[in-house]
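> The structure under discussion is supplied below as structure tokens; questions concerning it will follow.
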Amino acid sequence: MEPKDSTRNEAYKGFTNTNCPFQPCHEGVKRDFNCLFCYCPLNAYACPGPYKAFTSSNGVRRKDCSACTLPHDGYPQSWNFIQKWLTNPVPWDGSDQTRPWPVRPEETTP
């Protein structure tokens, strides 16, 4: 078995769950629908995906990412997107999205 950084098999980068009763859960996906990131690991972090911020009934700021297709649009594309943004994660501060592509990892300082 090869370590994942040296294997040529990229099957670990995604799958499509055609039996999911909610699939497709995001409209506008142009490539293979990737269900690997059904619950996006960037939910608690600043990211470029389109989201709406809201305050829940118990006063907690949350992100509504239902309009975002970035973690689902193609197996290698979505894998690379998530990996790039998890390289230098910036905790989401609860603010509204102010520009379509807010903070890129290389624009932030640790």
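By convention here, the chains of the structure tokens are called A, B, ... in the order presented, each chain's residues are numbered starting at 1, and ligands are numbered starting at 1 in the order presented.
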Within 12 Å of region 28-36 of chain A, which residues of region 43-99 of chain A show up? Give each one with its shortest atom-to-atom distance in Å (one decimal) and the two atoms involved, counting only C-alpha atoms, rows by chain then rising residue number, as CSV.


```
residue,atom,partner,partner_atom,distance
A:Ser66,CA,A:Gly28,CA,11.6
A:Ala67,CA,A:Gly28,CA,9.2
A:Cys68,CA,A:Gly28,CA,9.2
A:Thr69,CA,A:Val29,CA,6.2
A:Leu70,CA,A:Val29,CA,8.4
A:Pro71,CA,A:Asn34,CA,7.2
A:His72,CA,A:Asn34,CA,4.4
A:Asp73,CA,A:Val29,CA,5.2
A:Gly74,CA,A:Asp32,CA,4.6
A:Tyr75,CA,A:Asn34,CA,5.6
A:Pro76,CA,A:Asn34,CA,9.2
A:Gln77,CA,A:Arg31,CA,9.1
A:Ser78,CA,A:Asn34,CA,7.3
A:Trp79,CA,A:Leu36,CA,8.7
A:Ile82,CA,A:Leu36,CA,10.7
```

> I'd like to know which residues of chain A are helix (DSSP H, G or I) (by DSSP, run on the backbone); could you write them as a list of chain:residue names?

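Everything in chain A that counts as helix (DSSP H, G or I) is A:Ala11, A:Tyr12, A:Lys13, A:Tyr75, A:Pro76, A:Gln77, A:Ser78, A:Trp79, A:Asn80, A:Phe81, A:Ile82, A:Gln83, A:Lys84, A:Trp85, A:Leu86, A:Thr87, A:Pro105, A:Glu106, A:Glu107.
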
> I need the strand (DSSP E or B) residues of region 4-104 of chain A per DSSP on the backbone, written as an MDAnalysis selection string.

chainID A and resid 33 45 52:55 61:64 73 91

> Restricting the calculation to only C-alpha atoms, which member of A:Lys63, A:Thr55, A:Lys13, A:Asp96 is positioned closest to Leu42 (chain A)?

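Nearest candidate to Leu42 (chain A) out of A:Lys63, A:Thr55, A:Lys13, A:Asp96: A:Lys63.
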
> How far is it from CA of Ala53 (chain A) to CA of Val90 (chain A), in Å with one decimal?

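CA of Val90 (chain A) lies at a distance of 16.4 Å from CA of Ala53 (chain A).
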
> To one decimal in Å, tell me the separation between CA of Gln83 (chain A) and CA of Pro21 (chain A).

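Result for CA of Gln83 (chain A) versus CA of Pro21 (chain A): 27.5 Å, one decimal.
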
> Pick from A:Asn43, A:Arg62, A:Tyr51, A:Gly14: nearest to Pro89 (chain A), with only C-alpha atoms counted?

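Of all the options, A:Asn43 lies closest to Pro89 (chain A).
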
> Any idea what the distance is between CA of Pro50 (chain A) and CA of Cys65 (chain A)?

6.6 Å
